[in-house]
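Q: Below you'll find my_file10.csv; it's CSV, N, CA and C atoms.
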```csv
chain,number,residue,atom,x,y,z
A,1396,MET,N,-111.9,80.9,-68.8
A,1396,MET,CA,-111.5,81.4,-67.5
A,1396,MET,C,-110.7,80.3,-66.8
A,1397,SER,N,-109.5,80.6,-66.4
A,1397,SER,CA,-108.7,79.6,-65.7
A,1397,SER,C,-108.8,79.8,-64.2
A,1398,SER,N,-108.6,78.7,-63.5
A,1398,SER,CA,-108.7,78.7,-62.1
A,1398,SER,C,-107.3,78.4,-61.5
A,1399,ASN,N,-107.0,79.0,-60.4
A,1399,ASN,CA,-105.7,78.8,-59.8
A,1399,ASN,C,-105.9,77.7,-58.7
A,1400,ASN,N,-105.4,76.5,-59.0
A,1400,ASN,CA,-105.6,75.4,-58.2
A,1400,ASN,C,-104.4,75.2,-57.2
A,1401,VAL,N,-104.0,76.2,-56.5
A,1401,VAL,CA,-103.0,76.1,-55.5
A,1401,VAL,C,-103.6,75.4,-54.3
A,1402,LYS,N,-102.9,74.3,-53.9
A,1402,LYS,CA,-103.4,73.5,-52.8
A,1402,LYS,C,-102.8,74.0,-51.5
A,1403,LEU,N,-103.6,74.4,-50.5
A,1403,LEU,CA,-103.1,74.9,-49.2
A,1403,LEU,C,-103.1,73.7,-48.3
A,1404,SER,N,-102.1,73.7,-47.4
A,1404,SER,CA,-102.1,72.7,-46.3
A,1404,SER,C,-103.2,73.0,-45.4
A,1405,ARG,N,-103.6,72.0,-44.7
A,1405,ARG,CA,-104.8,72.1,-43.8
A,1405,ARG,C,-104.6,73.3,-42.8
A,1406,GLY,N,-103.4,73.4,-42.2
A,1406,GLY,CA,-103.1,74.5,-41.3
A,1406,GLY,C,-103.2,75.8,-42.0
A,1407,ALA,N,-102.7,76.0,-43.2
A,1407,ALA,CA,-102.8,77.3,-43.9
A,1407,ALA,C,-104.3,77.6,-44.1
A,1408,GLY,N,-105.0,76.7,-44.6
A,1408,GLY,CA,-106.5,77.0,-44.8
A,1408,GLY,C,-107.2,77.4,-43.6
A,1409,SER,N,-106.9,76.7,-42.5
A,1409,SER,CA,-107.5,77.0,-41.2
A,1409,SER,C,-107.1,78.4,-40.7
A,1410,PHE,N,-105.8,78.8,-40.9
A,1410,PHE,CA,-105.4,80.1,-40.5
A,1410,PHE,C,-106.1,81.2,-41.4
A,1411,ILE,N,-106.3,80.9,-42.6
A,1411,ILE,CA,-107.0,81.9,-43.5
A,1411,ILE,C,-108.5,82.0,-43.0
A,1412,ILE,N,-109.1,80.9,-42.7
A,1412,ILE,CA,-110.5,81.0,-42.2
A,1412,ILE,C,-110.6,81.7,-40.9
A,1413,LEU,N,-109.7,81.3,-40.0
A,1413,LEU,CA,-109.7,82.0,-38.6
A,1413,LEU,C,-109.4,83.4,-38.7
A,1414,GLY,N,-108.4,83.7,-39.5
A,1414,GLY,CA,-107.9,85.1,-39.7
A,1414,GLY,C,-109.1,86.0,-40.2
A,1415,ALA,N,-109.8,85.5,-41.3
A,1415,ALA,CA,-110.9,86.2,-41.8
A,1415,ALA,C,-112.0,86.3,-40.8
A,1416,LEU,N,-112.3,85.3,-40.1
A,1416,LEU,CA,-113.3,85.3,-39.0
A,1416,LEU,C,-113.0,86.3,-37.9
A,1417,PHE,N,-111.7,86.3,-37.5
A,1417,PHE,CA,-111.3,87.3,-36.5
A,1417,PHE,C,-111.4,88.7,-37.0
A,1418,CYS,N,-110.9,88.9,-38.2
A,1418,CYS,CA,-111.0,90.3,-38.8
A,1418,CYS,C,-112.4,90.8,-39.0
A,1419,GLY,N,-113.2,89.9,-39.6
A,1419,GLY,CA,-114.6,90.3,-39.9
A,1419,GLY,C,-115.4,90.5,-38.6
A,1420,SER,N,-115.2,89.7,-37.6
A,1420,SER,CA,-115.9,89.9,-36.3
A,1420,SER,C,-115.3,91.1,-35.6
A,1421,ALA,N,-114.0,91.4,-35.8
A,1421,ALA,CA,-113.5,92.7,-35.2
A,1421,ALA,C,-114.2,93.9,-35.7
A,1422,VAL,N,-114.4,93.9,-37.0
A,1422,VAL,CA,-115.1,95.0,-37.7
A,1422,VAL,C,-116.5,95.1,-37.1
A,1423,VAL,N,-117.2,94.0,-37.0
A,1423,VAL,CA,-118.6,94.0,-36.4
A,1423,VAL,C,-118.6,94.5,-35.0
A,1424,LEU,N,-117.7,93.9,-34.2
A,1424,LEU,CA,-117.6,94.3,-32.8
A,1424,LEU,C,-117.2,95.7,-32.6
A,1425,GLY,N,-116.3,96.2,-33.4
A,1425,GLY,CA,-115.9,97.6,-33.3
A,1425,GLY,C,-117.0,98.6,-33.6
A,1426,ALA,N,-117.8,98.2,-34.7
A,1426,ALA,CA,-118.9,99.1,-35.0
A,1426,ALA,C,-120.0,99.0,-33.9
A,1427,PHE,N,-120.2,97.8,-33.4
A,1427,PHE,CA,-121.2,97.6,-32.3
A,1427,PHE,C,-120.8,98.4,-31.1
A,1428,GLY,N,-119.5,98.3,-30.8
A,1428,GLY,CA,-119.0,99.1,-29.6
A,1428,GLY,C,-119.1,100.6,-29.8
A,1429,ALA,N,-118.8,101.1,-31.0
A,1429,ALA,CA,-118.8,102.5,-31.3
A,1429,ALA,C,-120.2,103.1,-31.3
A,1430,HIS,N,-121.2,102.2,-31.6
A,1430,HIS,CA,-122.6,102.8,-31.8
A,1430,HIS,C,-123.5,102.2,-30.7
A,1431,ALA,N,-123.8,101.0,-30.7
A,1431,ALA,CA,-124.8,100.4,-29.7
A,1431,ALA,C,-124.3,100.4,-28.3
A,1432,LEU,N,-123.1,100.2,-28.0
A,1432,LEU,CA,-122.6,100.2,-26.6
A,1432,LEU,C,-122.3,101.5,-26.0
A,1433,LYS,N,-122.2,102.5,-26.9
A,1433,LYS,CA,-121.8,103.9,-26.5
A,1433,LYS,C,-122.7,104.4,-25.3
A,1434,SER,N,-123.9,104.1,-25.3
A,1434,SER,CA,-124.8,104.6,-24.3
A,1434,SER,C,-125.0,103.6,-23.1
A,1435,VAL,N,-124.4,102.4,-23.3
A,1435,VAL,CA,-124.5,101.4,-22.2
A,1435,VAL,C,-123.3,101.4,-21.3
A,1436,PHE,N,-122.1,101.5,-21.9
A,1436,PHE,CA,-120.8,101.4,-21.1
A,1436,PHE,C,-120.2,102.7,-20.9
A,1437,THR,N,-119.3,102.7,-19.9
A,1437,THR,CA,-118.6,103.9,-19.5
A,1437,THR,C,-117.5,104.1,-20.6
A,1438,MET,N,-116.8,105.2,-20.6
A,1438,MET,CA,-115.7,105.5,-21.5
A,1438,MET,C,-114.6,104.5,-21.2
A,1439,SER,N,-114.3,104.2,-20.0
A,1439,SER,CA,-113.3,103.2,-19.6
A,1439,SER,C,-113.6,101.8,-20.1
A,1440,GLN,N,-114.9,101.4,-20.0
A,1440,GLN,CA,-115.3,100.1,-20.5
A,1440,GLN,C,-115.2,100.1,-22.0
A,1441,LEU,N,-115.6,101.1,-22.7
A,1441,LEU,CA,-115.5,101.2,-24.2
A,1441,LEU,C,-114.0,101.1,-24.6
A,1442,SER,N,-113.1,101.8,-23.9
A,1442,SER,CA,-111.7,101.8,-24.2
A,1442,SER,C,-111.2,100.4,-24.0
A,1443,THR,N,-111.5,99.7,-23.0
A,1443,THR,CA,-111.1,98.3,-22.8
A,1443,THR,C,-111.6,97.4,-23.9
A,1444,PHE,N,-112.9,97.6,-24.3
A,1444,PHE,CA,-113.5,96.8,-25.4
A,1444,PHE,C,-112.7,97.1,-26.7
A,1445,GLU,N,-112.4,98.3,-26.9
A,1445,GLU,CA,-111.7,98.7,-28.2
A,1445,GLU,C,-110.3,98.1,-28.2
A,1446,VAL,N,-109.6,97.9,-27.1
A,1446,VAL,CA,-108.3,97.3,-27.1
A,1446,VAL,C,-108.5,95.8,-27.5
A,1447,GLY,N,-109.5,95.1,-27.0
A,1447,GLY,CA,-109.8,93.8,-27.5
A,1447,GLY,C,-110.0,93.7,-29.0
A,1448,VAL,N,-110.8,94.6,-29.5
A,1448,VAL,CA,-111.1,94.6,-30.9
A,1448,VAL,C,-109.8,94.9,-31.7
A,1449,ARG,N,-109.0,95.8,-31.3
A,1449,ARG,CA,-107.7,96.2,-32.0
A,1449,ARG,C,-106.8,95.0,-32.1
A,1450,TYR,N,-106.6,94.3,-30.9
A,1450,TYR,CA,-105.6,93.2,-30.9
A,1450,TYR,C,-106.2,92.0,-31.7
A,1451,GLN,N,-107.5,91.9,-31.7
A,1451,GLN,CA,-108.1,90.8,-32.5
A,1451,GLN,C,-107.9,91.1,-33.9
A,1452,MET,N,-108.0,92.3,-34.4
A,1452,MET,CA,-107.8,92.7,-35.8
A,1452,MET,C,-106.3,92.4,-36.1
A,1453,TYR,N,-105.4,92.9,-35.3
A,1453,TYR,CA,-104.0,92.8,-35.6
A,1453,TYR,C,-103.6,91.3,-35.8
A,1454,HIS,N,-104.1,90.5,-34.9
A,1454,HIS,CA,-103.7,89.1,-35.0
A,1454,HIS,C,-104.5,88.3,-36.0
A,1455,GLY,N,-105.7,88.7,-36.3
A,1455,GLY,CA,-106.4,88.2,-37.5
A,1455,GLY,C,-105.7,88.4,-38.8
A,1456,LEU,N,-105.2,89.6,-38.9
A,1456,LEU,CA,-104.4,90.0,-40.1
A,1456,LEU,C,-103.1,89.1,-40.2
A,1457,ALA,N,-102.5,89.0,-39.0
A,1457,ALA,CA,-101.3,88.1,-38.9
A,1457,ALA,C,-101.6,86.7,-39.4
A,1458,LEU,N,-102.7,86.2,-39.0
A,1458,LEU,CA,-103.1,84.8,-39.4
A,1458,LEU,C,-103.3,84.7,-40.9
A,1459,LEU,N,-103.9,85.8,-41.5
A,1459,LEU,CA,-104.1,85.8,-42.9
A,1459,LEU,C,-102.7,85.8,-43.7
A,1460,VAL,N,-101.7,86.4,-43.1
A,1460,VAL,CA,-100.4,86.5,-43.7
A,1460,VAL,C,-99.6,85.3,-43.6
A,1461,LEU,N,-99.8,84.5,-42.5
A,1461,LEU,CA,-98.9,83.4,-42.2
A,1461,LEU,C,-98.8,82.4,-43.4
A,1462,PRO,N,-99.8,82.0,-44.1
A,1462,PRO,CA,-99.7,81.1,-45.2
A,1462,PRO,C,-98.7,81.6,-46.3
A,1463,SER,N,-98.7,82.9,-46.5
A,1463,SER,CA,-97.8,83.4,-47.5
A,1463,SER,C,-96.3,83.4,-47.2
A,1464,LEU,N,-96.0,83.1,-45.9
A,1464,LEU,CA,-94.7,83.0,-45.4
A,1464,LEU,C,-94.0,81.7,-45.6
A,1465,THR,N,-94.7,80.7,-46.1
A,1465,THR,CA,-94.2,79.3,-46.2
A,1465,THR,C,-93.0,79.2,-47.1
A,1466,THR,N,-92.8,80.2,-48.0
A,1466,THR,CA,-91.6,80.2,-48.8
A,1466,THR,C,-90.4,80.7,-48.0
A,1467,TYR,N,-90.6,81.4,-47.0
A,1467,TYR,CA,-89.5,82.0,-46.3
A,1467,TYR,C,-89.2,81.4,-44.9
A,1468,LEU,N,-90.2,80.8,-44.3
A,1468,LEU,CA,-90.0,80.3,-43.0
A,1468,LEU,C,-90.5,78.8,-42.9
A,1469,PRO,N,-89.9,78.0,-42.0
A,1469,PRO,CA,-90.3,76.6,-41.9
A,1469,PRO,C,-91.8,76.6,-41.4
A,1470,ARG,N,-92.6,75.6,-42.0
A,1470,ARG,CA,-94.0,75.5,-41.6
A,1470,ARG,C,-94.2,75.2,-40.1
A,1471,THR,N,-93.3,74.5,-39.5
A,1471,THR,CA,-93.5,74.2,-38.1
A,1471,THR,C,-93.6,75.4,-37.3
A,1472,TRP,N,-92.7,76.4,-37.6
A,1472,TRP,CA,-92.7,77.6,-36.8
A,1472,TRP,C,-93.9,78.5,-37.1
A,1473,LEU,N,-94.3,78.5,-38.4
A,1473,LEU,CA,-95.5,79.2,-38.7
A,1473,LEU,C,-96.7,78.6,-38.1
A,1474,GLN,N,-96.8,77.3,-38.0
A,1474,GLN,CA,-97.9,76.6,-37.3
A,1474,GLN,C,-97.9,77.0,-35.8
A,1475,ARG,N,-96.8,77.0,-35.2
A,1475,ARG,CA,-96.7,77.3,-33.8
A,1475,ARG,C,-97.1,78.8,-33.6
A,1476,ALA,N,-96.7,79.7,-34.4
A,1476,ALA,CA,-97.0,81.1,-34.3
A,1476,ALA,C,-98.5,81.2,-34.5
A,1477,GLY,N,-99.1,80.6,-35.5
A,1477,GLY,CA,-100.5,80.7,-35.7
A,1477,GLY,C,-101.4,80.2,-34.6
A,1478,ILE,N,-101.0,79.1,-34.0
A,1478,ILE,CA,-101.7,78.5,-32.8
A,1478,ILE,C,-101.6,79.5,-31.7
A,1479,CYS,N,-100.5,80.1,-31.5
A,1479,CYS,CA,-100.3,81.1,-30.4
A,1479,CYS,C,-101.2,82.3,-30.7
A,1480,PHE,N,-101.3,82.8,-31.9
A,1480,PHE,CA,-102.2,83.9,-32.3
A,1480,PHE,C,-103.6,83.6,-32.0
A,1481,VAL,N,-104.1,82.4,-32.4
A,1481,VAL,CA,-105.5,82.0,-32.2
A,1481,VAL,C,-105.8,81.9,-30.7
A,1482,VAL,N,-104.9,81.2,-29.9
A,1482,VAL,CA,-105.2,81.2,-28.5
A,1482,VAL,C,-105.1,82.5,-27.8
A,1483,GLY,N,-104.1,83.4,-28.3
A,1483,GLY,CA,-104.0,84.7,-27.8
A,1483,GLY,C,-105.3,85.5,-28.0
A,1484,CYS,N,-105.9,85.4,-29.2
A,1484,CYS,CA,-107.1,86.1,-29.5
A,1484,CYS,C,-108.2,85.7,-28.6
A,1485,LEU,N,-108.4,84.4,-28.4
A,1485,LEU,CA,-109.4,83.9,-27.6
A,1485,LEU,C,-109.3,84.3,-26.2
A,1486,LEU,N,-108.1,84.2,-25.6
A,1486,LEU,CA,-107.8,84.6,-24.2
A,1486,LEU,C,-107.8,86.1,-24.0
A,1487,PHE,N,-107.0,86.8,-24.8
A,1487,PHE,CA,-106.8,88.2,-24.6
A,1487,PHE,C,-108.1,89.0,-24.9
A,1488,SER,N,-108.5,89.0,-26.2
A,1488,SER,CA,-109.7,89.7,-26.6
A,1488,SER,C,-111.0,89.2,-25.9
A,1489,GLY,N,-111.1,87.8,-25.9
A,1489,GLY,CA,-112.2,87.2,-25.3
A,1489,GLY,C,-112.4,87.6,-23.8
A,1490,SER,N,-111.3,87.7,-23.1
A,1490,SER,CA,-111.4,88.0,-21.6
A,1490,SER,C,-111.8,89.5,-21.5
A,1491,LEU,N,-111.3,90.4,-22.4
A,1491,LEU,CA,-111.6,91.8,-22.3
A,1491,LEU,C,-113.1,92.0,-22.6
A,1492,TYR,N,-113.6,91.3,-23.6
A,1492,TYR,CA,-115.1,91.4,-24.0
A,1492,TYR,C,-115.9,90.9,-22.8
A,1493,ALA,N,-115.5,89.8,-22.2
A,1493,ALA,CA,-116.3,89.2,-21.1
A,1493,ALA,C,-116.2,90.1,-19.9
A,1494,LEU,N,-115.0,90.7,-19.6
A,1494,LEU,CA,-114.9,91.6,-18.5
A,1494,LEU,C,-115.8,92.8,-18.6
A,1495,VAL,N,-115.8,93.4,-19.8
A,1495,VAL,CA,-116.7,94.6,-20.1
A,1495,VAL,C,-118.1,94.2,-20.0
A,1496,ALA,N,-118.5,93.1,-20.6
A,1496,ALA,CA,-119.9,92.7,-20.7
A,1496,ALA,C,-120.5,92.3,-19.4
A,1497,THR,N,-119.7,91.6,-18.6
A,1497,THR,CA,-120.2,91.1,-17.3
A,1497,THR,C,-119.8,91.8,-16.1
A,1498,GLY,N,-118.7,92.5,-16.1
A,1498,GLY,CA,-118.2,93.2,-14.9
A,1498,GLY,C,-117.5,92.2,-14.0
A,1499,ILE,N,-117.4,91.0,-14.3
A,1499,ILE,CA,-116.8,90.0,-13.5
A,1499,ILE,C,-115.3,90.1,-13.6
A,1500,THR,N,-114.7,90.5,-12.5
A,1500,THR,CA,-113.3,90.9,-12.5
A,1500,THR,C,-112.3,89.8,-12.6
A,1501,TRP,N,-112.7,88.5,-12.4
A,1501,TRP,CA,-111.7,87.4,-12.5
A,1501,TRP,C,-111.4,87.2,-14.0
A,1502,PHE,N,-112.1,87.8,-14.9
A,1502,PHE,CA,-111.7,87.7,-16.4
A,1502,PHE,C,-110.4,88.5,-16.6
A,1503,GLY,N,-110.2,89.5,-15.8
A,1503,GLY,CA,-109.0,90.4,-15.9
A,1503,GLY,C,-107.7,89.6,-15.9
A,1504,PRO,N,-107.4,88.7,-15.0
A,1504,PRO,CA,-106.1,88.0,-15.0
A,1504,PRO,C,-105.9,87.1,-16.2
A,1505,ILE,N,-107.0,86.8,-17.0
A,1505,ILE,CA,-106.8,85.9,-18.2
A,1505,ILE,C,-106.2,86.7,-19.3
A,1506,THR,N,-106.4,88.0,-19.3
A,1506,THR,CA,-105.9,88.9,-20.4
A,1506,THR,C,-104.4,88.8,-20.6
A,1507,PRO,N,-103.6,88.9,-19.5
A,1507,PRO,CA,-102.2,88.8,-19.7
A,1507,PRO,C,-101.7,87.4,-20.3
A,1508,LEU,N,-102.5,86.4,-20.0
A,1508,LEU,CA,-102.2,85.0,-20.5
A,1508,LEU,C,-102.3,85.1,-22.1
A,1509,GLY,N,-103.4,85.7,-22.5
A,1509,GLY,CA,-103.5,85.9,-24.0
A,1509,GLY,C,-102.4,86.7,-24.6
A,1510,GLY,N,-102.1,87.8,-23.9
A,1510,GLY,CA,-101.0,88.7,-24.3
A,1510,GLY,C,-99.7,87.9,-24.4
A,1511,GLY,N,-99.5,87.0,-23.4
A,1511,GLY,CA,-98.3,86.1,-23.5
A,1511,GLY,C,-98.3,85.2,-24.7
A,1512,PHE,N,-99.4,84.7,-25.1
A,1512,PHE,CA,-99.5,83.9,-26.3
A,1512,PHE,C,-99.2,84.7,-27.5
A,1513,PHE,N,-99.7,86.0,-27.6
A,1513,PHE,CA,-99.3,86.8,-28.7
A,1513,PHE,C,-97.8,87.0,-28.8
A,1514,ILE,N,-97.2,87.3,-27.7
A,1514,ILE,CA,-95.7,87.5,-27.6
A,1514,ILE,C,-95.0,86.2,-28.1
A,1515,ILE,N,-95.4,85.1,-27.5
A,1515,ILE,CA,-94.8,83.8,-27.9
A,1515,ILE,C,-94.9,83.6,-29.4
A,1516,GLY,N,-96.1,83.9,-29.9
A,1516,GLY,CA,-96.3,83.7,-31.4
A,1516,GLY,C,-95.3,84.5,-32.2
A,1517,TRP,N,-95.1,85.8,-31.8
A,1517,TRP,CA,-94.1,86.6,-32.6
A,1517,TRP,C,-92.7,86.1,-32.4
A,1518,ILE,N,-92.4,85.6,-31.2
A,1518,ILE,CA,-91.1,84.9,-31.0
A,1518,ILE,C,-90.9,83.7,-31.9
A,1519,MET,N,-92.0,82.9,-32.0
A,1519,MET,CA,-91.9,81.8,-32.9
A,1519,MET,C,-91.6,82.2,-34.3
A,1520,LEU,N,-92.1,83.3,-34.8
A,1520,LEU,CA,-91.8,83.8,-36.2
A,1520,LEU,C,-90.3,84.2,-36.2
A,1521,ILE,N,-89.8,84.9,-35.2
A,1521,ILE,CA,-88.4,85.3,-35.1
A,1521,ILE,C,-87.5,84.1,-35.1
A,1522,LEU,N,-87.8,83.1,-34.3
A,1522,LEU,CA,-87.0,81.9,-34.2
A,1522,LEU,C,-87.0,81.1,-35.5
A,1523,GLY,N,-88.2,81.1,-36.2
A,1523,GLY,CA,-88.2,80.4,-37.5
A,1523,GLY,C,-87.3,81.1,-38.5
A,1524,ALA,N,-87.3,82.4,-38.5
A,1524,ALA,CA,-86.5,83.2,-39.4
A,1524,ALA,C,-85.0,83.0,-39.1
A,1525,LEU,N,-84.7,83.0,-37.8
A,1525,LEU,CA,-83.3,82.8,-37.4
A,1525,LEU,C,-82.8,81.4,-37.7
A,1526,LEU,N,-83.6,80.4,-37.5
A,1526,LEU,CA,-83.2,79.0,-37.8
A,1526,LEU,C,-83.0,78.8,-39.3
A,1527,ARG,N,-83.9,79.4,-40.0
A,1527,ARG,CA,-83.8,79.3,-41.5
A,1527,ARG,C,-82.5,79.9,-42.0
A,1528,ASN,N,-82.2,81.1,-41.4
A,1528,ASN,CA,-80.9,81.8,-41.8
A,1528,ASN,C,-79.7,80.9,-41.4
A,1529,ARG,N,-79.8,80.3,-40.2
A,1529,ARG,CA,-78.7,79.5,-39.8
A,1529,ARG,C,-78.5,78.3,-40.7
A,1530,MET,N,-79.6,77.7,-41.1
A,1530,MET,CA,-79.6,76.5,-42.0
A,1530,MET,C,-79.0,76.8,-43.4
A,1531,GLU,N,-79.3,78.0,-43.8
A,1531,GLU,CA,-78.8,78.4,-45.2
A,1531,GLU,C,-77.3,78.7,-45.2
A,1532,LYS,N,-76.7,79.0,-44.1
A,1532,LYS,CA,-75.3,79.3,-44.0
A,1532,LYS,C,-74.4,78.1,-44.1
```
Go ahead and render the structure in this file as structure tokens.
A:
Amino acid sequence: MSSNNVKLSRGAGSFIILGALFCGSAVVLGAFGAHALKSVFTMSQLSTFEVGVRYQMYHGLALLVLPSLTTYLPRTWLQRAGICFVVGCLLFSGSLYALVATGITWFGPITPLGGGFFIIGWIMLILGALLRNRMEK
């Protein structure tokens, strides 16, 4: 049996771990919300909770994909995007979970900050691709 000894950079390995953690916990939280919280929260609260789970899953998957893009995009831009996705998950999804769980409304204004980090992360990927194309010409 042969082993594939591909060495990942520290950032790539971290993004894989965090991506898997975000995706796995999104599945757990989604199931928890669909079953255990159904009788505790209102439909509006469950809808808010589900938005947090959905965006956590999307960006967890994005983190899992980032290391495979090193052939196509500069690592610097991938690192920046990954950091933005991690911060975005913590702020966006985390604030929605906290808002639903506690009812404390000041968590609400944190959500758009997380969304901003998501958007900036995607912009970082676009810029990385544009700069690579410019350098190849």
Q: Between atom C of A:Ser1463 and atom CA of A:Leu1508, measure the distance and give it in Å to one decimal.
A: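 Between these atoms lies a distance of 27.4 Å.
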Q: Mind pulling up the distance from atom CA of A:Leu1491 to atom C of A:Ser1442?
A: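 A separation of 8.8 Å between them.
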Q: Taking into account only N, CA and C atoms, which residue in the set A:Ile1505, A:Ile1514, A:Leu1424, A:Met1530 is nearest to A:Ser1490?
A: A:Ile1505
Q: Which residues of stretch 1460-1513 of chain A sit at most 8 Å from stretch 1450-1454 of chain A, using all atoms listed in the file? Give each one's shortest atom pair and distance in Å (one decimal place), in chain and ascending residue order, as a tab-separated table.
A:
```
residue	atom	partner	partner_atom	distance
A:Val1460	N	A:His1454	C	7.9
A:Phe1480	CA	A:His1454	CA	6.0
A:Val1481	N	A:His1454	C	6.9
A:Gly1483	C	A:Gln1451	CA	7.5
A:Cys1484	CA	A:Gln1451	CA	5.7
A:Leu1485	N	A:Gln1451	CA	7.6
A:Phe1487	C	A:Gln1451	N	7.4
A:Ser1488	CA	A:Gln1451	N	6.0
A:Gly1489	N	A:Gln1451	CA	7.8
```
Q: Please determine, counting only C-alpha atoms, which residue among A:Ala1415, A:Leu1441, A:Leu1486, A:Leu1522 has the shortest atom-to-atom distance to A:Trp1472.
A: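 Closest to A:Trp1472 of all the choices is A:Leu1522.
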